[in-house]
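Following: one structure in structure tokens, then a few remarks.
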Amino acid sequence: DPTVEAALPSLLAEAVSAPKPDEWVDAENLSERADLTLLTELDKHRAEVEALRNYRLESVTNSHKTRLRVIERKIHDATNEKIRTMYEQELANVRDSFEAKRVAIAAIVPDIHTTPIATGLLTIVKGE
């Protein structure tokens with residue numbers, strides 16, 4: 001139940017131990033269900049990270065293209081050779097900076113790591 005899964009951390013914080021039930025209801029499927037939930041969430045997280053990476057790359061690329069156009073226009077309009085050289089150096093720096101940002105964005109990877117900590121059944125009873 002997704003509602004119970006979302007509330008699980010707070011439920012466990014208030015949980016008390018109970019005697020082991022005679023019969024584990026659907027216990028053989030617990031591990032498979034947990035694995036399926038984990039895989040689903042990992043896929044969802046990977047997709048979110050990929051979307052974020054693409055968004056950041058698109059944003060940086062658009063900003064870079066705009067800066068290039070502005071600097072190239074300044075180079076074209078410059079009448080003084082020293083000013084033109086200064087803008088050409090700025091253009092090289094902008095290109096290097098963009099490449100570094102592009103590499104950093106490409107290095108963003110999903111970072112969920114899991115370790116099983118417990119297996120069991122949680123019985124929820126209405127409090128008094």
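Going through the structure tokens in order, the chains are called A, B, and so on, while each chain numbers its residues from 1 and the ligands are numbered from 1 in the order shown.
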Practice item. Just the residues within 8 Å of Arg67 (chain A), please, counting only C-alpha atoms, with nothing from its chain fewer than 4 positions along; format it as a list in words. Key: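 Using only C-alpha atoms, the neighbours found are Ser63, Ile71 and Val94 of chain A.
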Exercise for review: Might you pull out every residue within 8 Å of Tyr87 (chain A), with only C-alpha atoms counted and same-chain residues fewer than 6 positions away left off, and present them as a list in words?
Suggested key: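 Everything that qualifies: Ile71, Glu72, Lys74 and Ile75 of chain A.
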**Study point:** Who sits within 9 Å of region 37-52 of chain A, only C-alpha atoms, same chain under 6 positions skipped, as a ChimeraX atom specification
**Key:** /A:108-112,114
Next, dump the selected residues to file, keeping only N, CA, C and O atoms, as a CSV table (one decimal), in the first residue's frame.
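What ended up in selection_10.csv:
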```csv
chain,number,residue,atom,x,y,z
A,108,ILE,N,27.0,14.1,-13.7
A,108,ILE,CA,25.9,13.9,-12.7
A,108,ILE,C,25.3,12.6,-12.9
A,108,ILE,O,24.9,12.2,-14.0
A,109,VAL,N,25.3,11.8,-11.8
A,109,VAL,CA,24.8,10.4,-11.9
A,109,VAL,C,23.8,10.2,-10.7
A,109,VAL,O,23.9,10.8,-9.7
A,110,PRO,N,22.9,9.2,-10.9
A,110,PRO,CA,22.0,8.9,-9.8
A,110,PRO,C,22.8,8.4,-8.6
A,110,PRO,O,23.8,7.7,-8.8
A,111,ASP,N,22.4,8.7,-7.4
A,111,ASP,CA,23.2,8.4,-6.2
A,111,ASP,C,22.5,7.6,-5.2
A,111,ASP,O,22.7,7.8,-4.0
A,112,ILE,N,21.5,6.8,-5.5
A,112,ILE,CA,20.8,6.0,-4.5
A,112,ILE,C,21.5,4.7,-4.3
A,112,ILE,O,21.8,4.0,-5.3
A,114,THR,N,21.4,1.2,-1.8
A,114,THR,CA,20.5,0.5,-0.9
A,114,THR,C,21.2,-0.6,-0.1
A,114,THR,O,22.1,-1.2,-0.6
```
Review point. Using only C-alpha atoms, which of A:Ala13, A:Leu68, A:His76, A:His113 sits nearest Asp96 (chain A)?
Key: A:Leu68
Check your understanding: Of the residues A:Val103, A:Thr115, A:Val125, A:Arg73, which is the one nearest to Arg56 (chain A), using only C-alpha atoms?
Key ->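 Nearest candidate to Arg56 (chain A) out of A:Val103, A:Thr115, A:Val125, A:Arg73: A:Val103.
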